[in-house]
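What follows is data_19.tsv (TSV, C-alpha atoms).
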```
chain	number	residue	atom	x	y	z
A	1	MET	CA	-91.88	205.84	225.40
A	2	LYS	CA	-88.59	204.04	225.92
A	3	GLU	CA	-85.36	204.80	224.11
A	4	GLU	CA	-82.34	202.57	223.87
A	5	ILE	CA	-79.02	203.77	225.25
A	6	PRO	CA	-75.55	202.34	224.57
A	7	VAL	CA	-74.58	199.37	226.73
A	8	SER	CA	-71.44	201.33	227.63
A	9	LYS	CA	-73.62	203.85	229.49
A	10	ALA	CA	-75.73	201.31	231.42
A	11	ASN	CA	-73.72	201.80	234.62
A	12	ARG	CA	-74.91	205.42	234.72
A	13	LEU	CA	-78.47	204.23	235.37
A	14	VAL	CA	-77.50	202.83	238.79
A	15	ASN	CA	-74.20	204.57	239.56
A	16	HIS	CA	-75.78	206.84	242.20
A	17	GLY	CA	-77.02	203.86	244.21
A	18	PRO	CA	-80.80	203.72	243.70
A	19	VAL	CA	-82.96	200.81	244.72
A	20	ILE	CA	-83.84	198.61	241.78
A	21	LEU	CA	-86.64	196.24	240.91
A	22	VAL	CA	-85.17	193.03	239.54
A	23	THR	CA	-87.43	190.96	237.31
A	24	SER	CA	-86.89	187.27	236.62
A	25	GLN	CA	-88.73	184.47	234.86
A	26	PHE	CA	-88.37	180.74	235.45
A	27	LYS	CA	-90.65	177.74	234.97
A	28	GLU	CA	-93.68	179.80	233.88
A	29	LYS	CA	-93.37	182.16	236.85
A	30	THR	CA	-92.41	185.81	236.75
A	31	ASN	CA	-91.19	187.68	239.80
A	32	ILE	CA	-90.10	191.12	241.05
A	33	ILE	CA	-87.72	191.77	243.94
A	34	THR	CA	-86.67	195.14	245.35
A	35	LEU	CA	-82.93	195.39	245.95
A	36	ALA	CA	-80.79	198.13	247.42
A	37	TRP	CA	-77.63	196.05	247.08
A	38	GLN	CA	-76.47	196.59	243.51
A	39	MET	CA	-73.39	198.02	241.81
A	40	PRO	CA	-71.74	198.12	238.43
A	41	VAL	CA	-68.53	196.05	238.57
A	42	SER	CA	-66.85	196.40	235.17
A	43	HIS	CA	-66.82	198.74	232.18
A	44	LYS	CA	-65.41	196.33	229.55
A	45	PRO	CA	-67.35	194.15	229.46
A	46	MET	CA	-70.21	196.09	231.07
A	47	LEU	CA	-71.16	194.05	234.14
A	48	ILE	CA	-73.64	194.74	236.94
A	49	ALA	CA	-73.67	192.90	240.28
A	50	ILE	CA	-76.68	192.35	242.54
A	51	SER	CA	-76.80	190.62	245.91
A	52	ILE	CA	-79.84	188.46	246.75
A	53	ALA	CA	-80.44	186.59	250.02
A	54	LYS	CA	-80.12	182.84	249.53
A	55	SER	CA	-83.55	182.32	251.08
A	56	HIS	CA	-85.38	184.55	248.58
A	57	PHE	CA	-87.50	183.22	245.73
A	58	SER	CA	-85.74	185.43	243.16
A	59	HIS	CA	-82.40	183.87	244.15
A	60	ASP	CA	-83.36	180.53	242.67
A	61	MET	CA	-85.21	182.08	239.73
A	62	VAL	CA	-82.15	184.02	238.59
A	63	LYS	CA	-79.89	181.04	239.26
A	64	GLY	CA	-82.22	178.71	237.37
A	65	SER	CA	-82.91	180.91	234.35
A	66	GLY	CA	-79.55	182.68	233.99
A	67	GLU	CA	-81.21	186.00	233.19
A	68	PHE	CA	-82.49	189.06	235.01
A	69	ALA	CA	-83.53	192.64	234.31
A	70	VAL	CA	-82.65	195.63	236.45
A	71	ASN	CA	-85.46	198.21	236.47
A	72	VAL	CA	-84.95	201.65	238.03
A	73	PRO	CA	-88.12	202.98	239.70
A	74	ASN	CA	-88.66	206.66	240.31
A	75	VAL	CA	-89.90	208.35	243.44
A	76	ASN	CA	-93.54	208.00	242.37
A	77	LEU	CA	-93.26	204.23	242.82
A	78	LEU	CA	-92.39	204.36	246.54
A	79	SER	CA	-95.30	202.19	247.70
A	80	GLN	CA	-94.80	199.58	244.94
A	81	VAL	CA	-91.07	199.44	245.70
A	82	HIS	CA	-91.66	198.88	249.39
A	83	TYR	CA	-94.38	196.30	248.67
A	84	CYS	CA	-92.11	194.29	246.33
A	85	GLY	CA	-89.35	194.41	248.96
A	86	THR	CA	-91.49	193.08	251.81
A	87	THR	CA	-93.44	190.25	250.18
A	88	SER	CA	-92.45	186.95	248.57
A	89	GLY	CA	-93.21	185.91	245.01
A	90	ARG	CA	-93.46	182.33	246.23
A	91	ASP	CA	-96.98	183.09	247.40
A	92	ILE	CA	-98.23	185.92	245.22
A	93	ASP	CA	-98.00	187.38	241.73
A	94	LYS	CA	-96.29	190.69	242.44
A	95	PHE	CA	-97.19	192.18	239.06
A	96	ALA	CA	-100.88	191.54	239.67
A	97	ARG	CA	-100.78	192.73	243.27
A	98	SER	CA	-98.61	195.83	242.84
A	99	GLY	CA	-100.31	197.12	239.70
A	100	LEU	CA	-96.95	197.28	237.92
A	101	THR	CA	-97.17	196.19	234.29
A	102	THR	CA	-94.87	194.22	232.01
A	103	LEU	CA	-93.05	195.37	228.91
A	104	PRO	CA	-91.21	192.86	226.71
A	105	ALA	CA	-87.41	192.99	226.95
A	106	GLN	CA	-85.32	192.99	223.79
A	107	LYS	CA	-82.69	190.37	224.57
A	108	ILE	CA	-83.95	188.31	227.50
A	109	ASN	CA	-87.08	186.47	228.56
A	110	PRO	CA	-87.97	188.23	231.84
A	111	PRO	CA	-90.22	191.24	231.23
A	112	LEU	CA	-89.26	194.82	232.07
A	113	ILE	CA	-91.48	196.97	234.29
A	114	ALA	CA	-93.21	199.58	232.15
A	115	GLU	CA	-93.58	202.15	234.95
A	116	CYS	CA	-89.81	202.23	235.66
A	117	ILE	CA	-87.53	204.86	234.12
A	118	GLY	CA	-84.44	202.74	233.42
A	119	HIS	CA	-83.90	199.16	232.28
A	120	ILE	CA	-80.81	196.95	232.05
A	121	GLU	CA	-81.12	193.50	230.49
A	122	CYS	CA	-78.59	191.03	231.87
A	123	ARG	CA	-77.38	187.52	231.14
A	124	LEU	CA	-75.90	185.84	234.21
A	125	GLN	CA	-72.12	185.73	233.78
A	126	ASN	CA	-71.17	184.36	237.16
A	127	MET	CA	-72.48	183.88	240.67
A	128	TYR	CA	-70.61	183.91	243.99
A	129	PRO	CA	-72.00	182.67	247.32
A	130	VAL	CA	-71.03	185.36	249.83
A	131	GLY	CA	-72.22	185.04	253.43
A	132	ASP	CA	-76.02	184.71	253.60
A	133	HIS	CA	-76.44	186.10	250.07
A	134	SER	CA	-75.25	185.31	246.55
A	135	VAL	CA	-73.70	187.95	244.34
A	136	PHE	CA	-74.97	187.58	240.77
A	137	VAL	CA	-72.89	189.24	238.08
A	138	GLY	CA	-74.80	190.02	234.89
A	139	GLU	CA	-73.43	190.94	231.50
A	140	VAL	CA	-75.41	193.85	230.09
A	141	LEU	CA	-77.02	192.96	226.76
A	142	ALA	CA	-79.22	196.05	226.35
A	143	ALA	CA	-80.22	199.18	228.22
A	144	SER	CA	-83.05	201.65	227.83
A	145	VAL	CA	-84.63	204.65	229.54
A	146	GLU	CA	-87.87	206.57	229.63
A	147	GLU	CA	-87.54	209.23	226.95
A	148	GLY	CA	-86.36	212.67	228.03
A	149	LEU	CA	-84.95	211.73	231.44
A	150	PHE	CA	-81.35	210.75	230.62
A	151	ASP	CA	-78.66	212.41	228.53
A	152	GLY	CA	-75.61	210.39	229.63
A	153	CYS	CA	-76.56	211.12	233.24
A	154	TRP	CA	-79.95	211.29	234.91
A	155	LYS	CA	-81.54	214.73	234.32
A	156	LEU	CA	-82.51	215.46	237.90
A	157	ASP	CA	-84.07	218.80	237.04
A	158	GLU	CA	-86.89	216.61	235.70
A	159	PRO	CA	-88.90	215.32	238.73
A	160	ARG	CA	-89.66	212.02	237.00
A	161	ALA	CA	-85.89	211.26	236.85
A	162	LYS	CA	-85.64	211.15	240.64
A	163	SER	CA	-84.82	207.68	241.94
A	164	LEU	CA	-85.40	206.06	245.33
A	165	HIS	CA	-82.57	205.21	247.73
A	166	HIS	CA	-83.10	202.91	250.70
A	167	LEU	CA	-81.97	204.17	254.10
A	168	GLY	CA	-83.28	201.14	256.04
A	169	GLY	CA	-86.62	199.78	257.26
A	170	ASN	CA	-89.41	201.70	255.58
A	171	LEU	CA	-87.29	204.84	255.08
A	172	TYR	CA	-86.12	206.02	251.68
A	173	THR	CA	-84.76	209.19	250.16
A	174	THR	CA	-84.54	210.73	246.71
A	175	PRO	CA	-81.90	212.93	245.05
A	176	ASP	CA	-81.91	216.68	245.35
A	177	ASN	CA	-80.26	218.71	242.57
A	178	ILE	CA	-77.17	218.06	240.45
A	179	LEU	CA	-73.86	219.21	241.96
A	180	GLU	CA	-70.92	219.90	239.67
A	181	ALA	CA	-67.39	219.29	240.96
A	182	ASP	CA	-64.53	221.57	239.84
B	183	MET	CA	-66.52	213.27	267.85
B	184	LYS	CA	-67.04	209.72	266.61
B	185	GLU	CA	-69.31	207.14	268.15
B	186	GLU	CA	-69.20	203.41	267.58
B	187	ILE	CA	-72.24	201.66	266.12
B	188	PRO	CA	-73.00	197.92	266.08
B	189	VAL	CA	-71.40	195.97	263.24
B	190	SER	CA	-74.89	194.69	262.43
B	191	LYS	CA	-75.88	198.24	261.41
B	192	ALA	CA	-72.82	198.96	259.24
B	193	ASN	CA	-74.74	198.30	256.02
B	194	ARG	CA	-77.01	201.25	256.84
B	195	LEU	CA	-74.06	203.63	256.34
B	196	VAL	CA	-73.87	202.81	252.61
B	197	ASN	CA	-77.26	201.26	251.88
B	198	HIS	CA	-78.49	204.35	249.98
B	199	GLY	CA	-75.59	204.16	247.51
B	200	PRO	CA	-73.25	207.03	248.42
B	201	VAL	CA	-69.74	207.43	247.03
B	202	ILE	CA	-67.15	206.30	249.52
B	203	LEU	CA	-63.51	207.10	250.17
B	204	VAL	CA	-61.60	203.86	250.64
B	205	THR	CA	-58.36	204.09	252.62
B	206	SER	CA	-55.61	201.49	252.44
B	207	GLN	CA	-52.07	201.09	253.74
B	208	PHE	CA	-49.32	198.89	252.34
B	209	LYS	CA	-45.53	199.01	252.41
B	210	GLU	CA	-45.33	202.37	254.22
B	211	LYS	CA	-47.77	204.02	251.83
B	212	THR	CA	-51.29	205.21	252.61
B	213	ASN	CA	-53.84	205.90	249.92
B	214	ILE	CA	-57.38	207.14	249.32
B	215	ILE	CA	-59.62	206.18	246.39
B	216	THR	CA	-63.11	207.48	245.63
B	217	LEU	CA	-65.52	204.70	244.68
B	218	ALA	CA	-69.14	204.78	243.60
B	219	TRP	CA	-69.22	201.02	243.14
B	220	GLN	CA	-69.93	199.60	246.58
B	221	MET	CA	-72.67	197.52	248.17
B	222	PRO	CA	-73.33	195.49	251.30
B	223	VAL	CA	-73.49	191.81	250.35
B	224	SER	CA	-74.36	189.91	253.54
B	225	HIS	CA	-75.95	190.51	256.95
B	226	LYS	CA	-74.52	187.49	258.82
B	227	PRO	CA	-71.61	187.86	258.66
B	228	MET	CA	-71.73	191.58	257.83
B	229	LEU	CA	-69.87	191.90	254.53
B	230	ILE	CA	-69.32	194.89	252.24
B	231	ALA	CA	-68.18	194.62	248.60
B	232	ILE	CA	-66.27	197.25	246.63
B	233	SER	CA	-65.18	197.13	243.00
B	234	ILE	CA	-61.77	198.59	242.07
B	235	ALA	CA	-60.27	198.76	238.57
B	236	LYS	CA	-57.36	196.35	238.20
B	237	SER	CA	-55.14	199.19	236.96
B	238	HIS	CA	-55.61	201.34	240.07
B	239	PHE	CA	-52.99	201.74	242.80
B	240	SER	CA	-55.50	200.97	245.57
B	241	HIS	CA	-56.28	197.63	243.90
B	242	ASP	CA	-52.84	196.27	244.72
B	243	MET	CA	-52.71	197.98	248.11
B	244	VAL	CA	-55.93	196.31	249.30
B	245	LYS	CA	-54.89	193.01	247.75
B	246	GLY	CA	-51.44	193.21	249.34
B	247	SER	CA	-52.50	194.32	252.82
B	248	GLY	CA	-55.82	192.48	253.18
B	249	GLU	CA	-57.46	195.47	254.85
B	250	PHE	CA	-59.42	198.56	253.90
B	251	ALA	CA	-61.64	201.19	255.45
B	252	VAL	CA	-64.83	202.57	253.91
B	253	ASN	CA	-65.30	206.27	254.77
B	254	VAL	CA	-68.55	208.05	253.94
B	255	PRO	CA	-68.00	211.70	252.95
B	256	ASN	CA	-70.74	214.27	253.22
B	257	VAL	CA	-71.75	216.87	250.67
B	258	ASN	CA	-69.25	219.41	252.05
B	259	LEU	CA	-66.40	217.22	250.77
B	260	LEU	CA	-67.41	217.39	247.09
B	261	SER	CA	-64.12	218.82	245.84
B	262	GLN	CA	-61.98	216.40	247.88
B	263	VAL	CA	-64.11	213.46	246.71
B	264	HIS	CA	-63.73	214.42	243.07
B	265	TYR	CA	-60.00	215.06	243.52
B	266	CYS	CA	-59.41	211.64	245.10
B	267	GLY	CA	-61.39	210.03	242.27
B	268	THR	CA	-59.42	211.64	239.45
B	269	THR	CA	-55.79	211.34	240.64
B	270	SER	CA	-53.51	208.38	241.39
B	271	GLY	CA	-51.83	207.69	244.70
B	272	ARG	CA	-48.92	206.19	242.78
B	273	ASP	CA	-47.66	209.73	242.19
B	274	ILE	CA	-48.99	211.81	245.06
B	275	ASP	CA	-49.89	211.67	248.73
B	276	LYS	CA	-53.65	212.24	248.57
B	277	PHE	CA	-53.97	213.04	252.26
B	278	ALA	CA	-51.39	215.83	251.95
B	279	ARG	CA	-52.82	217.16	248.70
B	280	SER	CA	-56.52	216.99	249.55
B	281	GLY	CA	-56.24	218.39	253.05
B	282	LEU	CA	-58.11	215.37	254.44
B	283	THR	CA	-56.69	214.18	257.76
B	284	THR	CA	-56.15	210.76	259.29
B	285	LEU	CA	-57.78	209.25	262.33
B	286	PRO	CA	-56.56	205.91	263.73
B	287	ALA	CA	-58.86	202.95	263.09
B	288	GLN	CA	-59.71	200.58	265.93
B	289	LYS	CA	-59.20	197.20	264.32
B	290	ILE	CA	-57.13	197.72	261.18
B	291	ASN	CA	-53.94	199.49	260.11
B	292	PRO	CA	-55.23	201.88	257.41
B	293	PRO	CA	-56.32	205.20	258.88
B	294	LEU	CA	-59.84	206.56	258.73
B	295	ILE	CA	-60.58	210.01	257.30
B	296	ALA	CA	-61.46	212.37	260.13
B	297	GLU	CA	-63.65	214.67	258.00
B	298	CYS	CA	-65.96	211.82	256.90
B	299	ILE	CA	-69.23	211.06	258.71
B	300	GLY	CA	-69.21	207.25	258.59
B	301	HIS	CA	-66.49	204.61	258.86
B	302	ILE	CA	-66.44	200.85	258.26
B	303	GLU	CA	-63.30	198.89	259.08
B	304	CYS	CA	-62.90	195.79	256.93
B	305	ARG	CA	-60.66	192.75	256.74
B	306	LEU	CA	-60.51	191.29	253.24
B	307	GLN	CA	-62.52	188.09	253.21
B	308	ASN	CA	-62.34	187.29	249.52
B	309	MET	CA	-61.60	188.84	246.16
B	310	TYR	CA	-63.05	188.05	242.76
B	311	PRO	CA	-61.64	189.19	239.41
B	312	VAL	CA	-64.65	190.43	237.42
B	313	GLY	CA	-64.11	191.99	233.99
B	314	ASP	CA	-61.70	194.92	234.19
B	315	HIS	CA	-62.17	195.26	237.97
B	316	SER	CA	-61.83	193.11	241.07
B	317	VAL	CA	-64.61	192.82	243.60
B	318	PHE	CA	-63.18	192.89	247.13
B	319	VAL	CA	-65.42	191.53	249.88
B	320	GLY	CA	-64.59	192.82	253.34
B	321	GLU	CA	-65.76	191.48	256.67
B	322	VAL	CA	-66.82	194.37	258.88
B	323	LEU	CA	-64.79	194.47	262.12
B	324	ALA	CA	-65.98	197.85	263.43
B	325	ALA	CA	-68.16	200.77	262.39
B	326	SER	CA	-68.50	204.33	263.63
B	327	VAL	CA	-70.21	207.61	262.77
B	328	GLU	CA	-69.92	211.30	263.46
B	329	GLU	CA	-71.98	211.90	266.60
B	330	GLY	CA	-75.56	213.07	266.15
B	331	LEU	CA	-75.99	212.14	262.50
B	332	PHE	CA	-77.17	208.52	262.68
B	333	ASP	CA	-79.82	206.78	264.73
B	334	GLY	CA	-80.07	203.45	262.91
B	335	CYS	CA	-80.52	205.38	259.67
B	336	TRP	CA	-78.89	208.60	258.46
B	337	LYS	CA	-80.72	211.61	259.95
B	338	LEU	CA	-81.14	213.56	256.73
B	339	ASP	CA	-82.86	216.47	258.47
B	340	GLU	CA	-79.30	217.28	259.60
B	341	PRO	CA	-77.46	218.84	256.61
B	342	ARG	CA	-74.14	217.29	257.68
B	343	ALA	CA	-75.68	213.80	257.25
B	344	LYS	CA	-76.16	214.35	253.51
B	345	SER	CA	-73.95	212.07	251.43
B	346	LEU	CA	-72.69	212.38	247.85
B	347	HIS	CA	-73.89	210.14	245.02
B	348	HIS	CA	-72.06	209.95	241.71
B	349	LEU	CA	-74.11	210.45	238.54
B	350	GLY	CA	-71.13	210.28	236.16
B	351	GLY	CA	-68.22	212.50	235.07
B	352	ASN	CA	-68.01	215.46	237.42
B	353	LEU	CA	-71.71	215.33	238.33
B	354	TYR	CA	-72.95	214.29	241.76
B	355	THR	CA	-76.14	214.59	243.76
B	356	THR	CA	-77.13	214.54	247.43
B	357	PRO	CA	-80.24	213.24	249.20
B	358	ASP	CA	-83.31	215.34	249.72
B	359	ASN	CA	-85.60	214.51	252.65
B	360	ILE	CA	-86.59	211.21	254.22
B	361	LEU	CA	-89.60	209.47	252.64
B	362	GLU	CA	-91.59	206.96	254.66
B	363	ALA	CA	-93.27	204.04	252.90
B	364	ASP	CA	-96.63	202.72	254.14
```

Written form, structure tokens:
Amino acid sequence: MKEEIPVSKANRLVNHGPVILVTSQFKEKTNIITLAWQMPVSHKPMLIAISIAKSHFSHDMVKGSGEFAVNVPNVNLLSQVHYCGTTSGRDIDKFARSGLTTLPAQKINPPLIAECIGHIECRLQNMYPVGDHSVFVGEVLAASVEEGLFDGCWKLDEPRAKSLHHLGGNLYTTPDNILEAD
Amino acid sequence: MKEEIPVSKANRLVNHGPVILVTSQFKEKTNIITLAWQMPVSHKPMLIAISIAKSHFSHDMVKGSGEFAVNVPNVNLLSQVHYCGTTSGRDIDKFARSGLTTLPAQKINPPLIAECIGHIECRLQNMYPVGDHSVFVGEVLAASVEEGLFDGCWKLDEPRAKSLHHLGGNLYTTPDNILEAD
């Protein structure tokens, strides 16, 4: 079950730098792309930035539709995450192939990914060509989490709250415990 | 001891989403700011983006000087990281107060932080006002690591290679082991 969280807390879903699965929908096609390059960029308004290679299919889908969803996978989705990061939606239906399933979003057209533990629905606010990528800045319209895993921060004592972080190539890592600073 | 790594691998130092300590130098002052909001944004050229609140001292120092260094702290620097993220360099000398020490950079004026395990020297390529922050895009001029901790990816079997990741407030986490995708 999903529960909504305040838009003002959406940055906390990705603040620790996990890989994300970005979903987009344009001209009857739906796509998923795995991205390690994401960061919140503003609190008021709540804005999230993602960087997508200009050559990627999702680049033109997000540009064309003006919407995208950020989905946070947990460590159990390692093989799906790597699959969606190493294949192109130009040729295949990544939902069908990966076994990931759709969940309707509240405020945007692209579906969420049911198996993910965090969801941020974004309307494209601006886009900046930067080197061989474009940085897409999305205004957060809604955010939700898998029930029981988030209480303002991810509850890492719960194994299902553990995200994936991309080291490079086919290597990933996942968070250990929570550390409290003085 | 530090060893240089190819600029083309600099993204791998921050790809997994660690907090960073950004150093800057402007008008005889040197500063450190802790940032969770960072991401690589391009391979060719190698570009790194950081987001700094418009109200912060480092914002105007990076804008004014056109240079910054990204330093990757490890888990042993938790208290210094939190200190540098919750104080302003307008009032204090964060190097003196935190006990962190400077190391000359190769290509830029701001010093590196000797105690950190990764270093990326950047020349400001562009800056974008986005909400209540600015996104600074830096071109990577040089990158280096603490010897023995990086071989194209962080060697997380070595405890000193473990970074810090910010969950929110005073809560952080650090990576567990390396996971290999099929």

Atom CA of B:Ser280 to atom CA of B:Gln262, straight-line distance in Å: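 Result for atom CA of B:Gln262 versus atom CA of B:Ser280: 5.7 Å, one decimal.
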
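All protein and nucleic acid residues in the vicinity of (-62.5, 211.3, 261.1), that is within 10 Å when counting all atoms listed in the file, are Met183, Lys184, Asn253, Val254, Pro255, Leu282, Thr283, Thr284, Leu285, Pro286, Ala287, Pro293, Leu294, Ile295, Ala296, Glu297, Cys298, Ile299, Gly300, His301, Ser326, Val327 and Glu328 of chain B.
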
Test item: which residues lie within 10 Å of (-95.2, 191.3, 243.3) counting all atoms listed in the file, as a PyMOL selection string: chain A and resi 23+30-34+80-81+83-100

If we count all atoms listed in the file and set the cut-off at 12 Å, which residues sit around A:Asp151, ignoring sequence neighbours fewer than 2 positions away in its own chain? Please answer as a compact mmCIF listing (two decimals) with C-alpha atoms, in the frame of the given file.
```txt
# COMPACT_ATOMS: atom_id res chain seq x y z
CA GLU A 3 -85.36 204.80 224.11
CA GLU A 4 -82.34 202.57 223.87
CA ILE A 5 -79.02 203.77 225.25
CA PRO A 6 -75.55 202.34 224.57
CA LYS A 9 -73.62 203.85 229.49
CA ALA A 10 -75.73 201.31 231.42
CA ARG A 12 -74.91 205.42 234.72
CA LEU A 13 -78.47 204.23 235.37
CA SER A 144 -83.05 201.65 227.83
CA VAL A 145 -84.63 204.65 229.54
CA GLU A 146 -87.87 206.57 229.63
CA GLU A 147 -87.54 209.23 226.95
CA GLY A 148 -86.36 212.67 228.03
CA LEU A 149 -84.95 211.73 231.44
CA CYS A 153 -76.56 211.12 233.24
CA TRP A 154 -79.95 211.29 234.91
CA LYS A 155 -81.54 214.73 234.32
CA LEU A 156 -82.51 215.46 237.90
CA ASP A 157 -84.07 218.80 237.04
CA GLU A 158 -86.89 216.61 235.70
CA ALA A 161 -85.89 211.26 236.85
CA LEU B 349 -74.11 210.45 238.54
CA GLY B 350 -71.13 210.28 236.16
```

Which residues of chain B sit at most 6 Å from chain A, using all atoms listed in the file? Give each one's shortest atom pair and distance in Å (one decimal place), in chain and ascending residue order, as a tab-separated table.
```
residue	atom	partner	partner_atom	distance
B:Asn197	CA	A:Leu167	CA	6.0
B:His198	CA	A:His165	CA	4.7
B:Gly199	CA	A:Gly17	CA	3.6
B:Trp219	CA	A:Met39	CA	5.3
B:Met221	CA	A:Trp37	CA	5.3
B:Val223	CA	A:Ser51	CA	5.7
B:Ser224	CA	A:Gly131	CA	5.3
B:Pro227	CA	A:Gly131	CA	6.0
B:Ser233	CA	A:Val41	CA	5.7
B:Ser261	CA	A:Ala181	CA	5.9
B:Gly313	CA	A:Ser42	CA	5.3
B:Asp314	CA	A:Ser42	CA	5.4
B:His315	CA	A:Ser42	CA	5.6
B:Cys335	CA	A:Leu167	CA	5.9
B:His347	CA	A:His16	CA	4.7
B:His348	CA	A:His16	CA	4.9
B:Leu349	CA	A:His16	CA	5.4
B:Asn352	CA	A:Ala181	CA	5.3
B:Leu353	CA	A:Glu180	CA	4.8
B:Tyr354	CA	A:Leu179	CA	5.0
B:Thr355	CA	A:Ile178	CA	4.9
B:Thr356	CA	A:Pro175	CA	5.6
B:Pro357	CA	A:Pro175	CA	4.5
B:Asp358	CA	A:Asp176	CA	4.8
B:Asn359	CA	A:Thr173	CA	5.9
B:Ile360	CA	A:Thr173	CA	4.9
B:Leu361	CA	A:Tyr172	CA	5.0
B:Glu362	CA	A:Leu171	CA	4.8
B:Ala363	CA	A:Asn170	CA	5.2
```

d(atom CA of A:Lys107, atom CA of A:Ser65) in Å: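 Straight-line distance from atom CA of A:Lys107 to atom CA of A:Ser65 works out to 13.6 Å.
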
Close residues, B:Gly248 itself excluded, 12 Å, all atoms listed in the file, min 6 positions apart in chain, as a ChimeraX atom specification: /B:205-208,240-242,290-292,303-309,318-321

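The gap separating atom CA of A:Val22 from atom CA of A:Leu35 is 7.2 Å, in Å to one decimal.
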